[in-house]
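Data from upload10.csv: CSV, C-alpha atoms
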```csv
chain,number,residue,atom,x,y,z
A,1,MET,CA,-21.9,-20.9,18.0
A,2,LYS,CA,-18.8,-19.5,19.5
A,3,ALA,CA,-16.6,-17.5,17.2
A,4,LYS,CA,-13.5,-19.1,18.4
A,5,THR,CA,-13.7,-22.8,17.9
A,6,LEU,CA,-10.2,-24.0,18.1
A,7,SER,CA,-8.2,-24.4,21.3
A,8,GLN,CA,-4.6,-25.4,21.1
A,9,LYS,CA,-2.1,-26.5,23.6
A,10,LEU,CA,1.0,-25.0,22.2
A,11,ASP,CA,3.2,-26.7,24.7
A,12,HIS,CA,1.9,-30.1,24.0
A,13,PHE,CA,4.7,-31.9,22.2
A,14,HIS,CA,5.3,-35.6,22.7
A,15,ASN,CA,8.5,-37.5,22.1
A,16,ASP,CA,8.1,-40.8,23.9
A,17,GLU,CA,8.6,-44.2,22.3
A,18,ASP,CA,5.0,-44.7,21.2
A,19,ASP,CA,4.9,-41.4,19.5
A,20,GLU,CA,8.0,-42.3,17.5
A,21,VAL,CA,6.1,-45.3,16.1
A,22,ILE,CA,3.1,-43.1,15.2
A,23,LEU,CA,5.4,-40.4,13.7
A,24,GLU,CA,6.9,-43.1,11.6
A,25,SER,CA,3.5,-44.2,10.3
A,26,LEU,CA,2.6,-40.5,9.6
A,27,ARG,CA,5.9,-40.2,7.6
A,28,ASN,CA,5.0,-43.4,5.7
A,29,PHE,CA,1.5,-42.0,4.9
A,30,GLN,CA,3.1,-38.8,3.6
A,31,ALA,CA,5.6,-40.9,1.5
A,32,ASP,CA,2.7,-42.9,0.1
A,33,SER,CA,0.7,-39.7,-0.7
A,34,ILE,CA,3.7,-38.3,-2.6
A,35,TRP,CA,4.2,-41.7,-4.3
A,36,PHE,CA,0.6,-41.6,-5.5
A,37,ASP,CA,1.0,-38.1,-6.9
A,38,ARG,CA,4.2,-38.9,-8.7
A,39,HIS,CA,2.8,-42.1,-10.3
A,40,TYR,CA,-0.6,-40.7,-11.1
A,41,GLU,CA,0.0,-40.9,-14.9
A,42,GLU,CA,0.9,-44.5,-14.7
A,43,LEU,CA,-2.0,-45.3,-12.4
A,44,LYS,CA,-4.4,-43.7,-14.8
A,45,LYS,CA,-3.4,-46.3,-17.4
A,46,LYS,CA,-4.0,-49.2,-15.1
A,47,TYR,CA,-6.8,-48.1,-12.8
A,48,LYS,CA,-8.9,-45.5,-14.6
A,49,GLU,CA,-12.1,-44.5,-12.7
A,50,GLU,CA,-11.1,-46.7,-9.8
A,51,TRP,CA,-10.1,-46.2,-6.2
A,52,VAL,CA,-6.5,-47.2,-5.5
A,53,ALA,CA,-5.0,-48.2,-2.2
A,54,VAL,CA,-1.3,-47.5,-1.6
A,55,LEU,CA,0.8,-48.8,1.3
A,56,HIS,CA,4.6,-48.7,1.4
A,57,LYS,CA,4.7,-47.2,-2.1
A,58,GLN,CA,2.8,-50.2,-3.6
A,59,VAL,CA,-0.7,-50.6,-4.9
A,60,ILE,CA,-2.2,-53.2,-2.6
A,61,ASP,CA,-5.8,-53.1,-3.8
A,62,HIS,CA,-8.1,-51.2,-6.1
A,63,GLY,CA,-11.8,-51.2,-7.1
A,64,LYS,CA,-14.7,-49.1,-8.4
A,65,ASN,CA,-16.6,-49.3,-5.1
A,66,LEU,CA,-15.0,-47.4,-2.2
A,67,LYS,CA,-17.1,-49.0,0.5
A,68,ALA,CA,-16.2,-52.5,-0.7
A,69,LEU,CA,-12.5,-51.6,-1.0
A,70,LEU,CA,-12.4,-50.1,2.5
A,71,ARG,CA,-14.0,-53.3,3.8
A,72,ARG,CA,-11.4,-55.4,2.1
A,73,LEU,CA,-8.6,-53.2,3.5
A,74,SER,CA,-10.0,-53.5,7.0
A,75,LYS,CA,-10.1,-57.3,6.7
A,76,ASN,CA,-6.8,-57.8,4.9
A,77,TYR,CA,-4.7,-55.1,6.7
A,78,PRO,CA,-6.4,-54.8,10.1
A,79,LYS,CA,-3.3,-53.1,11.7
A,80,ASP,CA,-2.6,-50.7,8.8
A,81,ALA,CA,-6.1,-49.9,7.7
A,82,GLY,CA,-5.9,-46.3,9.0
A,83,ASP,CA,-2.5,-45.7,7.4
A,84,ILE,CA,-3.4,-46.6,3.8
A,85,VAL,CA,-3.6,-43.9,1.2
A,86,VAL,CA,-6.8,-44.4,-0.8
A,87,GLU,CA,-7.4,-42.1,-3.7
A,88,PHE,CA,-9.6,-41.9,-6.8
A,89,VAL,CA,-8.0,-42.2,-10.2
A,90,THR,CA,-9.8,-40.5,-13.1
A,91,LEU,CA,-8.9,-39.7,-16.7
A,92,GLU,CA,-10.9,-36.5,-16.4
A,93,GLU,CA,-8.9,-33.3,-16.1
A,94,VAL,CA,-10.6,-31.5,-13.2
A,95,ASN,CA,-9.9,-28.0,-12.1
A,96,LEU,CA,-10.7,-27.7,-8.5
A,97,ILE,CA,-12.3,-24.4,-7.4
A,98,LEU,CA,-13.4,-24.8,-3.8
B,1,MET,CA,7.5,-25.2,15.9
B,2,LYS,CA,7.6,-25.8,12.2
B,3,ILE,CA,5.5,-28.1,10.1
B,4,PHE,CA,7.0,-28.8,6.7
B,5,GLU,CA,4.8,-30.1,4.0
B,6,SER,CA,4.7,-30.3,0.2
B,7,TRP,CA,2.7,-29.6,-2.9
B,8,GLY,CA,0.3,-32.3,-4.2
B,9,ARG,CA,-2.6,-32.9,-6.5
B,10,PHE,CA,-4.2,-29.9,-8.2
B,11,ASP,CA,-1.0,-28.0,-7.7
B,12,ALA,CA,-2.1,-27.3,-4.1
B,13,PRO,CA,-0.3,-27.4,-0.8
B,14,TYR,CA,-1.2,-30.4,1.4
B,15,VAL,CA,-0.5,-31.5,5.0
B,16,GLU,CA,-0.9,-35.0,6.4
B,17,ALA,CA,-2.3,-35.4,9.9
B,18,ARG,CA,-3.3,-38.0,12.4
B,19,PHE,CA,-7.1,-37.6,13.0
B,20,VAL,CA,-8.3,-38.8,16.4
B,21,CYS,CA,-11.9,-38.7,17.7
B,22,ARG,CA,-11.9,-40.6,21.0
B,23,ARG,CA,-15.7,-40.5,21.3
B,24,PHE,CA,-16.1,-42.6,18.1
B,25,GLY,CA,-12.9,-44.5,18.4
B,26,ILE,CA,-11.4,-43.1,15.2
B,27,ASP,CA,-7.6,-43.0,14.8
B,28,ALA,CA,-6.5,-42.7,11.2
B,29,LYS,CA,-4.4,-40.6,8.8
B,30,ILE,CA,-5.9,-37.9,6.7
B,31,LEU,CA,-4.6,-35.6,4.0
B,32,PHE,CA,-5.7,-32.0,4.1
B,33,LEU,CA,-5.6,-29.4,1.4
B,34,ILE,CA,-4.3,-26.2,3.1
B,35,ASP,CA,-7.0,-23.7,2.3
B,36,ILE,CA,-7.0,-20.1,3.7
B,37,GLY,CA,-10.2,-19.5,1.7
B,38,SER,CA,-12.1,-21.9,4.0
B,39,SER,CA,-13.2,-20.5,7.3
B,40,SER,CA,-13.3,-23.9,8.9
B,41,THR,CA,-11.6,-27.2,8.8
B,42,ILE,CA,-13.8,-29.6,6.8
B,43,ILE,CA,-13.8,-33.3,6.3
B,44,SER,CA,-14.9,-34.3,2.8
B,45,GLU,CA,-17.5,-37.0,2.3
B,46,THR,CA,-15.0,-39.5,0.8
B,47,ASP,CA,-12.6,-38.9,3.7
B,48,ALA,CA,-15.5,-39.4,6.1
B,49,GLU,CA,-16.0,-42.8,4.5
B,50,LYS,CA,-12.4,-43.6,4.8
B,51,LEU,CA,-12.4,-42.5,8.5
B,52,LYS,CA,-15.5,-44.5,9.1
B,53,ILE,CA,-17.5,-41.5,10.4
B,54,ASP,CA,-21.1,-42.3,10.9
B,55,TYR,CA,-23.4,-39.3,10.1
B,56,PRO,CA,-26.4,-40.2,12.3
B,57,PRO,CA,-24.8,-39.5,15.7
B,58,LEU,CA,-23.6,-36.1,14.4
B,59,GLN,CA,-25.5,-32.8,14.7
B,60,LYS,CA,-26.8,-31.7,11.3
B,61,LEU,CA,-26.6,-27.9,10.9
B,62,SER,CA,-29.7,-26.2,9.6
B,63,LYS,CA,-27.6,-24.1,7.2
B,64,GLY,CA,-25.2,-26.1,5.0
B,65,MET,CA,-21.7,-25.0,3.8
B,66,THR,CA,-21.6,-22.8,0.8
B,67,GLY,CA,-18.6,-22.2,-1.4
B,68,ILE,CA,-17.8,-21.3,-5.0
B,69,GLY,CA,-18.4,-24.9,-6.0
B,70,GLY,CA,-21.9,-25.0,-4.5
B,71,SER,CA,-23.4,-26.0,-1.2
B,72,ALA,CA,-23.4,-29.1,0.9
B,73,LYS,CA,-25.1,-30.7,3.9
B,74,THR,CA,-23.0,-30.0,6.9
B,75,TYR,CA,-22.6,-32.0,10.1
B,76,LEU,CA,-20.8,-31.1,13.3
B,77,MET,CA,-18.2,-33.4,14.9
B,78,GLU,CA,-16.9,-32.5,18.3
B,79,ASP,CA,-13.7,-33.0,20.2
B,80,ILE,CA,-11.2,-33.8,17.5
B,81,GLU,CA,-7.5,-34.0,17.9
B,82,LEU,CA,-5.2,-33.4,14.9
B,83,TYR,CA,-1.6,-34.4,15.2
B,84,PHE,CA,1.0,-33.0,12.8
B,85,GLU,CA,4.7,-33.9,12.5
B,86,SER,CA,6.8,-30.9,13.4
B,87,ASP,CA,10.4,-30.2,14.0
B,88,ARG,CA,9.7,-30.8,17.7
B,89,GLY,CA,7.9,-34.0,17.4
B,90,PHE,CA,4.1,-34.2,17.3
B,91,TYR,CA,2.2,-31.0,17.3
B,92,ARG,CA,-1.4,-31.5,18.6
B,93,ALA,CA,-4.3,-29.2,17.8
B,94,ASN,CA,-7.5,-29.7,19.7
B,95,HIS,CA,-10.6,-28.8,17.8
B,96,ASP,CA,-13.7,-28.2,19.8
B,97,HIS,CA,-15.5,-29.1,16.5
B,98,ILE,CA,-14.9,-29.6,12.9
B,99,PHE,CA,-17.4,-29.9,10.0
B,100,VAL,CA,-18.1,-33.0,7.9
B,101,ILE,CA,-19.9,-32.4,4.6
B,102,LYS,CA,-22.2,-34.6,2.6
B,103,ASP,CA,-23.7,-34.4,-0.9
B,104,ALA,CA,-21.4,-31.6,-2.1
B,105,HIS,CA,-21.6,-32.7,-5.7
B,106,LYS,CA,-24.4,-35.2,-5.7
B,107,ARG,CA,-24.9,-34.9,-9.4
B,108,ASP,CA,-21.3,-35.6,-10.3
B,109,ARG,CA,-19.9,-38.5,-8.3
B,110,LYS,CA,-16.5,-38.3,-9.9
B,111,VAL,CA,-16.0,-34.7,-8.8
B,112,GLU,CA,-17.2,-35.7,-5.3
B,113,ASN,CA,-14.5,-38.4,-5.2
B,114,LEU,CA,-11.9,-35.8,-5.8
B,115,ILE,CA,-12.9,-33.2,-3.2
B,116,PRO,CA,-10.3,-33.1,-0.5
B,117,SER,CA,-10.6,-32.3,3.2
B,118,LEU,CA,-9.7,-28.8,4.0
B,119,LEU,CA,-7.5,-27.4,6.7
B,120,GLY,CA,-9.1,-24.0,7.3
B,121,ARG,CA,-8.6,-20.7,9.0
B,122,ASP,CA,-9.8,-22.0,12.4
B,123,PHE,CA,-6.3,-23.6,12.5
B,124,LEU,CA,-4.3,-21.4,10.1
B,125,ASN,CA,-5.2,-18.1,11.7
B,126,GLN,CA,-3.2,-19.0,14.7
B,127,MET,CA,-0.1,-19.8,12.6
B,128,ALA,CA,2.1,-18.3,9.9
B,129,LEU,CA,1.9,-20.0,6.5
B,130,LEU,CA,4.6,-19.8,3.9
B,131,VAL,CA,4.1,-21.4,0.5
B,132,ASP,CA,6.5,-21.3,-2.4
B,133,GLN,CA,5.7,-23.8,-5.2
B,134,ARG,CA,8.9,-22.9,-7.0
B,135,HIS,CA,10.9,-24.5,-4.2
B,136,ASN,CA,8.2,-27.0,-3.2
B,137,LEU,CA,8.0,-25.3,0.2
B,138,VAL,CA,5.0,-25.4,2.5
B,139,LEU,CA,5.7,-24.2,6.0
B,140,ILE,CA,3.2,-23.8,8.9
B,141,THR,CA,4.7,-22.3,12.0
B,142,ASP,CA,3.7,-20.7,15.3
B,143,GLU,CA,6.9,-18.6,15.1
B,144,VAL,CA,7.0,-15.0,14.0
B,145,LEU,CA,8.1,-14.6,10.4
B,146,THR,CA,9.8,-11.5,9.3
B,147,VAL,CA,10.0,-10.5,5.7
```
Please go through the file and, once you have read it, give me the structure as structure tokens.
Amino acid sequence: MKAKTLSQKLDHFHNDEDDEVILESLRNFQADSIWFDRHYEELKKKYKEEWVAVLHKQVIDHGKNLKALLRRLSKNYPKDAGDIVVEFVTLEEVNLIL
Amino acid sequence: MKIFESWGRFDAPYVEARFVCRRFGIDAKILFLIDIGSSSTIISETDAEKLKIDYPPLQKLSKGMTGIGGSAKTYLMEDIELYFESDRGFYRANHDHIFVIKDAHKRDRKVENLIPSLLGRDFLNQMALLVDQRHNLVLITDEVLTV
């Protein structure tokens, strides 16, 4: 395998109209990720050991089975399915050492 | 170019990206933990599910990934585009390949659920990275930083 695996086009910046729409959806995804983190303690009380789906700073669905939840999201939010923050909520205190 | 991000779960720096794989028709958002300890950019098993990545078409590496937390089966996914929001609009990074892991913590599903995808040194080594949790600052830039 080659040692250098990443090629980057440093001059590749877009700013057309379509990109503005995608940038907005990326900003919304970021805002929903932050919302999830900030409300984690509340979410733990309501959705312990469940997957939670957040869109536009609201919990839109939840469940214990990730595959089933993703299927529902694809069905119920076909345009937004790739923009939804889906995270696991657990009561366990986990220290992540990667 | 500057990419500003923030601190998130596990008191770690994160960055959001648009993940595009044209070969498999994948276009979705993903959250990466910024990890200079990881040599490569890695997609976790749960994020692979969220992105609807199928493992069978991917090349399985004979040697899996090994880290402090253990080892995992590793698959190769080629021709990935990652888009980040920067102060100059989209910043696109083309990855010839990234790794997708499976069964990292088979015996503890809850832990598996929490393992994030990692933005590794294959990307970060071409950038400067500035992190300061005191000021909730995470900055990735291709500019020269002077201290």
What are the closest atom pairs, with distances in Å to one decimal, for each residue of chain B lying within 9 Å of chain A, using only C-alpha atoms, rows by chain and rising residue number, as a tab-separated table?
```
residue	atom	partner	partner_atom	distance
B:Glu5	CA	A:Gln30	CA	8.9
B:Ser6	CA	A:Ile34	CA	8.5
B:Trp7	CA	A:Ile34	CA	8.8
B:Gly8	CA	A:Asp37	CA	6.4
B:Arg9	CA	A:Asp37	CA	6.3
B:Phe10	CA	A:Leu96	CA	6.9
B:Val15	CA	A:Gln30	CA	8.3
B:Glu16	CA	A:Gln30	CA	6.2
B:Ala17	CA	A:Leu26	CA	7.1
B:Arg18	CA	A:Leu26	CA	7.0
B:Ile26	CA	A:Gly82	CA	8.9
B:Asp27	CA	A:Gly82	CA	6.9
B:Ala28	CA	A:Gly82	CA	4.3
B:Lys29	CA	A:Asp83	CA	5.6
B:Ile30	CA	A:Val85	CA	8.5
B:Leu31	CA	A:Ser33	CA	8.2
B:Asp35	CA	A:Leu98	CA	8.9
B:Gly37	CA	A:Leu98	CA	8.3
B:Ser38	CA	A:Leu98	CA	8.4
B:Thr46	CA	A:Leu66	CA	8.5
B:Glu49	CA	A:Lys67	CA	7.5
B:Lys50	CA	A:Leu70	CA	6.9
B:Leu51	CA	A:Gly82	CA	7.5
B:Gly67	CA	A:Leu98	CA	6.3
B:Ile68	CA	A:Leu98	CA	5.7
B:Gly69	CA	A:Leu98	CA	5.5
B:Gly70	CA	A:Leu98	CA	8.5
B:Phe84	CA	A:Leu26	CA	8.3
B:Glu85	CA	A:Leu23	CA	6.6
B:Arg88	CA	A:Phe13	CA	6.8
B:Gly89	CA	A:Asn15	CA	5.9
B:Phe90	CA	A:Phe13	CA	5.4
B:Tyr91	CA	A:Phe13	CA	5.6
B:Arg92	CA	A:His12	CA	6.5
B:Ala93	CA	A:Gln8	CA	5.0
B:Asn94	CA	A:Gln8	CA	5.4
B:His95	CA	A:Leu6	CA	4.8
B:Asp96	CA	A:Thr5	CA	5.7
B:His97	CA	A:Thr5	CA	6.7
B:Ile98	CA	A:Thr5	CA	8.5
B:Lys110	CA	A:Thr90	CA	7.7
B:Val111	CA	A:Val94	CA	7.7
B:Asn113	CA	A:Phe88	CA	6.2
B:Leu114	CA	A:Phe88	CA	6.6
B:Ile115	CA	A:Leu96	CA	7.9
B:Asp122	CA	A:Leu6	CA	6.1
B:Phe123	CA	A:Leu6	CA	6.8
B:Asp142	CA	A:Leu10	CA	8.6
```
At a cut-off of 10 Å around the point (-14.9, -41.9, 18.4) (file coordinates), what residues fall inside when counting all atoms listed in the file? I'd like the answer as a VMD selection string.
chain B and resid 20 to 27 52 to 54 77 to 80
Expressed in Å, the length from CA of Ser40 in chain B to CA of Ile101 in chain B is 11.6 Å
Find the residues with any atom within 12 Å of (10.9, -28.7, 6.0); use only C-alpha atoms and the coordinates as given in the file, and write the answer as a ChimeraX atom specification.
/B:1-6,15,85-88,130-131,135-141
Best match for closeness to Phe99 in chain B among B:Ile34, B:Leu58, B:Ala48, B:Leu76, counting only C-alpha atoms
B:Leu76
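The space between CA of Ala128 in chain B and CA of Ala31 in chain A spans 24.4 Å.
CA of Ala53 in chain A to CA of Leu82 in chain B spans 22.6 Å [interatomic distance, one decimal].
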Got a sec: who's within 12 Å of Thr74 in chain B, counting all atoms listed in the file, leaving out chain neighbours fewer than 5 positions off, as a short mmCIF file (atom, residue, chain, number, x, y, z; two decimals) with C-alpha atoms, keeping the file's coordinate frame?
```
data_model
loop_
_atom_site.label_atom_id
_atom_site.label_comp_id
_atom_site.auth_asym_id
_atom_site.auth_seq_id
_atom_site.Cartn_x
_atom_site.Cartn_y
_atom_site.Cartn_z
CA SER B 40 -13.30 -23.90 8.90
CA THR B 41 -11.60 -27.20 8.80
CA ILE B 42 -13.80 -29.60 6.80
CA ILE B 43 -13.80 -33.30 6.30
CA SER B 44 -14.90 -34.30 2.80
CA GLU B 45 -17.50 -37.00 2.30
CA TYR B 55 -23.40 -39.30 10.10
CA LEU B 58 -23.60 -36.10 14.40
CA GLN B 59 -25.50 -32.80 14.70
CA LYS B 60 -26.80 -31.70 11.30
CA LEU B 61 -26.60 -27.90 10.90
CA SER B 62 -29.70 -26.20 9.60
CA LYS B 63 -27.60 -24.10 7.20
CA GLY B 64 -25.20 -26.10 5.00
CA MET B 65 -21.70 -25.00 3.80
CA THR B 66 -21.60 -22.80 0.80
CA ILE B 98 -14.90 -29.60 12.90
CA PHE B 99 -17.40 -29.90 10.00
CA VAL B 100 -18.10 -33.00 7.90
CA ILE B 101 -19.90 -32.40 4.60
CA LYS B 102 -22.20 -34.60 2.60
CA ASP B 103 -23.70 -34.40 -0.90
CA ALA B 104 -21.40 -31.60 -2.10
#
```
Excluding Leu33 in chain B and its own-chain neighbours fewer than 4 positions away, which residues fall within 7 Å of it when counting only C-alpha atoms? Please give them as a ChimeraX atom specification.
/B:12-15,116-119
From the options A:Val21, A:Lys46, A:Asn28, A:Glu41, which residue's atoms come nearest to His62 in chain A, counting all atoms listed in the file?
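Using all atoms listed in the file, the shortest distance to His62 in chain A belongs to A:Lys46.
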Using only C-alpha atoms, find the one residue out of A:Ser74, A:Lys79, A:Gly63, A:Ala68 that sits nearest to Lys48 in chain A.
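Of A:Ser74, A:Lys79, A:Gly63, A:Ala68, the one nearest Lys48 in chain A is A:Gly63, counting only C-alpha atoms.
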